[in-house]
Amino acid sequence: MDKIKEIISKMTLEDKIRLCSGASFWETEQMEQYGIPSFFMSDGPHGLRVQKGEADHLGINQSEKATCFPTASASAASWNPQLLKEMGEAIGEEALHYGVDVVLGPGVCIKRNPLCGRNFEYFSEDPYLSGVMAKHWIDGVQGKGVGTSLKHFAANNQEQDRMMSDSIVDERALREIYFPAFEMAVKESRPSTVMCSYNKINGVFSSDSRKLLTEILRDEWQFEGMVVTDWGAMNDRISGFKAGCDLEMPDSSGFFDEEVKKAVDEDRLSETDIDACVERILKLAFQAQQNREKAGGNKPLNAQEHHALAKKIAKESAVLLKNEGQMLPISRGKKIALCGAMAETIRYQGAGSSHINPTKLSSMKEALEAEGAEITYYPAYELDGERNTGKLEQAVAGAREADIVIVAAGLPDTYESEGYDRAHMRMPESHNDLIYQLAKENSNIVVVLMGGSPVEMPWLSEAKAILNMYLCGQAAGEAAADLLYGNANPCGKLAETWPVAYADCSSSETFGIHPRQVEYAE
C-alpha cells in the first residue's frame, strides 16, 4: 500500500484522470513512467468470451474458443453450489490460459419478471439461492488467482431502455429482495470488483450514486475492491468520482477528462476523490500482475476435461417437469420420430455479451444417434420459429409410424437476448401447433424444452413427458440424450416460478408498461 501511495504522489492530475478510464475495450491503462501495469478483462458468467481482435460488448464479433457451460438459469436449477465452484475453477483456468485477469461475472440480478431478455444470465428470483450460487462461483474463479466482477449493481431487472430506465423501488424491497445476493457475495467471497448497472435507482444513475457505491457497498458491506461501470454505463464522471465509481469502461477517448480537470481546478471536485479511485485501480492492477507471475505463463486449455464438467452440470441442471405413466426413460429399441429444428441446431446459450465460441458442440440428434437410437428426424419448423407447412406435414406423418415422438421446442435465438425484453411469454406458434398436431397422431409425446426463461405451455395435457433443459451449454445435446435414455437422472428443481400464464406474474401489470419509469409496485 505504501508503494501505491508513493506512485499516486508522483502522478499528474491528468494521468490520474486518464487511469480511471479504460485504455481499450477490455484493458486498462499501462503507465510505464510510474511502473503501473495494465490488466485485461473478459465477459464470462458461464464461459469466457475473450476477444483478441475486433471487440464489442454484444457478442457480435468472434471470440477465442472456450468451454460454454450451462447458463445461470440452468445451473441454478441444480441447487448444487459445489458444481458452481467447479465451474468457476474451470473458467478461472481458461482465464489463465488466455491471459485474462478479471472475468466479468457472476450476474445476480433478481428475476423480477420472466420477460427480461437477459434472465438466462441470472440465477433466480430468490435472493438467497442467487447469493449462494454466486459465492461459490466467485470462490472457484478467484481460487485460481483470477478476479471476478459481481454484476449488475443494482435493481437492473429489465433490458428495454436499460440505459435510461429508472427503477423506483422502496427501501424494504431493495433490502429484502434486490440487495441480499450482492451483499452475501461481497461479504463472504470478496469479489475483486463490482460492476455498476446502466439504470437509475430512484432517480440517480448507479454510476453516480454515492449512497449505492460508498454508503452501502463500502461503508455497510465493507467492500474493499474496485467498482467498474458496465460497458458504456458512465453517466457523469464528476458525480462518479464523488460516488466512488472507480473505473469507466471501455475507454471514452478522453471524453470526460477536460471536464473533470476543470471541476478540480474550480474546487467542484476534490482531487482526493480521484486519488481514492486511483488507489483501488492500482491495487487490482498490482494484484493481477502478481497473479500472472505466480501462474508462470499461460496454462494449457483442458478442453476435454471441461467439456465433461459442462456435461455433468447440464445433467444435474435439467428439470423433469412432467412424466406421466413413467414415459421416461425411453426403452431401447423404440422407433422415435425426432421433431423440431432445434434438435439438429441446438439452442444451448443466450445472445449478447455472454455469447461463447464453444470448444465442442453436438446436437441432440447426433447424441441420440450415438446412443444407437432408431430415429427419423423431421425439422418441422424453421429455425427462427416461422411455420413451414410442408415440414409440419412430414413430421405429423412420421409421428403415425413411431412408437415415441420427441419434440425439441422452446425459444429461438431471436426471442431472448441482452438488449431487449420478450414481448410475451409464448413460444412460437409453430412450436405449439406442432405439439398439438403430433399429439393427434401419437399419444407418446416427449417435449424437450430449450430456452432461458419460462414459457406458457398450453399443450401441457397433450405431452406425457416434459424435460426442461433451459440453455444447458455446449454439452446440452449429450446431456439430453443421457437423460432421455436413463443413463442419468434428471434431478434439477426449478429455481424460478413457472406461471401458467403471464397474467399470473405479480409484476405483469407494471413490467414494460412504462419502461423508463419502472415502478416496482408489486
# chains A, B, ... in the order shown; residues from 1 in each chain; ligands from 1
$ residues_around --residues "Leu150 (chain A)" --least-positions-apart "2" --cutoff "10 Å" --atoms "only C-alpha atoms" --output "PyMOL selection string"
chain A and resi 45+103-109+134-135+138+148+152-153+181-182+185-186+190-196+227-228
$ closest_atom_pairs --of "region 157-265 of chain A" --to "region 126-131 of chain A" --cutoff "9 Å" --atoms "only C-alpha atoms" --output "Markdown table"
| residue | atom | partner | partner_atom | distance |
| --- | --- | --- | --- | --- |
| A:Glu176 | CA | A:Pro127 | CA | 8.0 |
| A:Ile177 | CA | A:Pro127 | CA | 5.9 |
| A:Tyr178 | CA | A:Pro127 | CA | 7.1 |
| A:Phe179 | CA | A:Pro127 | CA | 7.9 |
| A:Pro180 | CA | A:Pro127 | CA | 5.8 |
| A:Ala181 | CA | A:Gly131 | CA | 3.9 |
| A:Phe182 | CA | A:Gly131 | CA | 6.6 |
| A:Glu183 | CA | A:Gly131 | CA | 7.9 |
| A:Met184 | CA | A:Gly131 | CA | 5.6 |
| A:Ala185 | CA | A:Gly131 | CA | 5.8 |
$ closest_residue --among "A:Leu83, A:Ile91, A:Leu247, A:Ile168" --to "Arg516 (chain A)" --atoms "only C-alpha atoms"
A:Ile168
$ closest_residue --among "A:Met327, A:Cys277, A:Leu174, A:Val448" --to "Met342 (chain A)" --atoms "only C-alpha atoms"
A:Val448
$ atom_distance --atom1 "CA of Ile513 (chain A)" --atom2 "CA of Cys116 (chain A)"
13.0 Å
$ closest_residue --among "A:Phe286, A:Phe241, A:Tyr415, A:Tyr348" --to "Ala476 (chain A)" --atoms "only C-alpha atoms"
A:Tyr348
$ select_by_dssp --residues "region 286-510 of chain A" --states "strand (DSSP E)" --output "NGL selection string"
:A and (319-323 or 335-339 or 357-358 or 374-378 or 404-410 or 445-450 or 465-468)
$ write_last_selection --atoms "N, CA and C atoms" --output "short mmCIF file (atom, residue, chain, number, x, y, z; two decimals), in the first residue's frame"
data_model
loop_
_atom_site.label_atom_id
_atom_site.label_comp_id
_atom_site.auth_asym_id
_atom_site.auth_seq_id
_atom_site.Cartn_x
_atom_site.Cartn_y
_atom_site.Cartn_z
N VAL A 319 -34.52 -30.19 -15.61
CA VAL A 319 -35.68 -30.36 -14.72
C VAL A 319 -36.76 -31.16 -15.44
N LEU A 320 -37.18 -32.26 -14.84
CA LEU A 320 -38.27 -33.06 -15.39
C LEU A 320 -39.59 -32.45 -14.89
N LEU A 321 -40.26 -31.73 -15.78
CA LEU A 321 -41.48 -31.03 -15.39
C LEU A 321 -42.70 -31.95 -15.35
N LYS A 322 -42.64 -33.03 -16.14
CA LYS A 322 -43.78 -33.95 -16.19
C LYS A 322 -43.28 -35.31 -16.66
N ASN A 323 -43.86 -36.39 -16.10
CA ASN A 323 -43.51 -37.72 -16.57
C ASN A 323 -44.68 -38.66 -16.30
N LYS A 335 -38.98 -47.08 -31.88
CA LYS A 335 -38.88 -46.22 -33.07
C LYS A 335 -39.26 -44.80 -32.66
N ILE A 336 -38.36 -43.86 -32.94
CA ILE A 336 -38.54 -42.49 -32.47
C ILE A 336 -38.67 -41.53 -33.65
N ALA A 337 -39.70 -40.70 -33.59
CA ALA A 337 -39.79 -39.56 -34.51
C ALA A 337 -39.25 -38.35 -33.75
N LEU A 338 -38.12 -37.82 -34.22
CA LEU A 338 -37.49 -36.67 -33.58
C LEU A 338 -37.89 -35.42 -34.37
N CYS A 339 -38.67 -34.56 -33.75
CA CYS A 339 -39.27 -33.43 -34.47
C CYS A 339 -38.80 -32.09 -33.91
N ASN A 357 -17.84 -18.90 -28.00
CA ASN A 357 -17.42 -19.72 -29.14
C ASN A 357 -16.97 -21.07 -28.57
N PRO A 358 -17.83 -22.10 -28.59
CA PRO A 358 -17.57 -23.32 -27.82
C PRO A 358 -16.42 -24.15 -28.37
N GLU A 374 -33.06 -45.47 -32.72
CA GLU A 374 -33.65 -45.64 -34.05
C GLU A 374 -34.54 -44.42 -34.31
N ILE A 375 -33.95 -43.38 -34.86
CA ILE A 375 -34.70 -42.13 -35.03
C ILE A 375 -34.88 -41.76 -36.49
N THR A 376 -35.98 -41.10 -36.75
CA THR A 376 -36.19 -40.42 -38.03
C THR A 376 -36.41 -38.95 -37.69
N TYR A 377 -35.65 -38.10 -38.33
CA TYR A 377 -35.64 -36.68 -37.96
C TYR A 377 -36.50 -35.86 -38.92
N TYR A 378 -37.32 -34.97 -38.33
CA TYR A 378 -38.17 -34.06 -39.10
C TYR A 378 -37.98 -32.64 -38.57
N ILE A 404 -42.58 -43.49 -30.24
CA ILE A 404 -42.45 -42.32 -29.37
C ILE A 404 -42.10 -41.12 -30.23
N VAL A 405 -42.63 -39.96 -29.86
CA VAL A 405 -42.29 -38.71 -30.55
C VAL A 405 -41.56 -37.80 -29.57
N ILE A 406 -40.34 -37.40 -29.94
CA ILE A 406 -39.59 -36.43 -29.14
C ILE A 406 -39.64 -35.10 -29.88
N VAL A 407 -40.10 -34.06 -29.20
CA VAL A 407 -40.24 -32.73 -29.80
C VAL A 407 -39.24 -31.78 -29.16
N ALA A 408 -38.38 -31.20 -29.97
CA ALA A 408 -37.48 -30.14 -29.50
C ALA A 408 -38.19 -28.80 -29.73
N ALA A 409 -38.46 -28.08 -28.65
CA ALA A 409 -39.23 -26.83 -28.76
C ALA A 409 -38.74 -25.84 -27.72
N GLY A 410 -39.24 -24.61 -27.84
CA GLY A 410 -38.86 -23.60 -26.86
C GLY A 410 -38.74 -22.22 -27.46
N ILE A 445 -45.93 -38.44 -26.44
CA ILE A 445 -45.20 -37.21 -26.79
C ILE A 445 -44.26 -36.83 -25.65
N VAL A 446 -42.98 -36.65 -25.99
CA VAL A 446 -41.97 -36.16 -25.04
C VAL A 446 -41.48 -34.81 -25.56
N VAL A 447 -41.64 -33.76 -24.78
CA VAL A 447 -41.18 -32.42 -25.18
C VAL A 447 -39.89 -32.10 -24.45
N VAL A 448 -38.86 -31.73 -25.21
CA VAL A 448 -37.60 -31.26 -24.63
C VAL A 448 -37.55 -29.75 -24.85
N LEU A 449 -37.63 -29.01 -23.76
CA LEU A 449 -37.67 -27.55 -23.83
C LEU A 449 -36.27 -26.95 -23.80
N MET A 450 -36.05 -25.97 -24.67
CA MET A 450 -34.79 -25.22 -24.68
C MET A 450 -35.12 -23.73 -24.68
N ALA A 465 -44.45 -36.37 -21.25
CA ALA A 465 -43.24 -36.02 -20.51
C ALA A 465 -42.70 -34.68 -21.02
N ILE A 466 -42.18 -33.88 -20.09
CA ILE A 466 -41.56 -32.60 -20.45
C ILE A 466 -40.23 -32.51 -19.71
N LEU A 467 -39.16 -32.42 -20.47
CA LEU A 467 -37.81 -32.29 -19.91
C LEU A 467 -37.32 -30.88 -20.23
N ASN A 468 -37.13 -30.10 -19.21
CA ASN A 468 -36.69 -28.71 -19.40
C ASN A 468 -35.17 -28.64 -19.30
#
$ residues_around --residues "Gln349 (chain A)" --least-positions-apart "2" --cutoff "9 Å" --atoms "only C-alpha atoms" --output "list in words"
Cys68, Phe69, Pro70, Thr71, Phe120, Arg347, Ala351, Ser354, His355, Ile356, Asp413, Gly451, Gly452, Tyr470, Leu471, Cys472, Gly473 and Gln474 of chain A
$ atom_distance --atom1 "CA of Met226 (chain A)" --atom2 "CA of Arg280 (chain A)"
5.5 Å
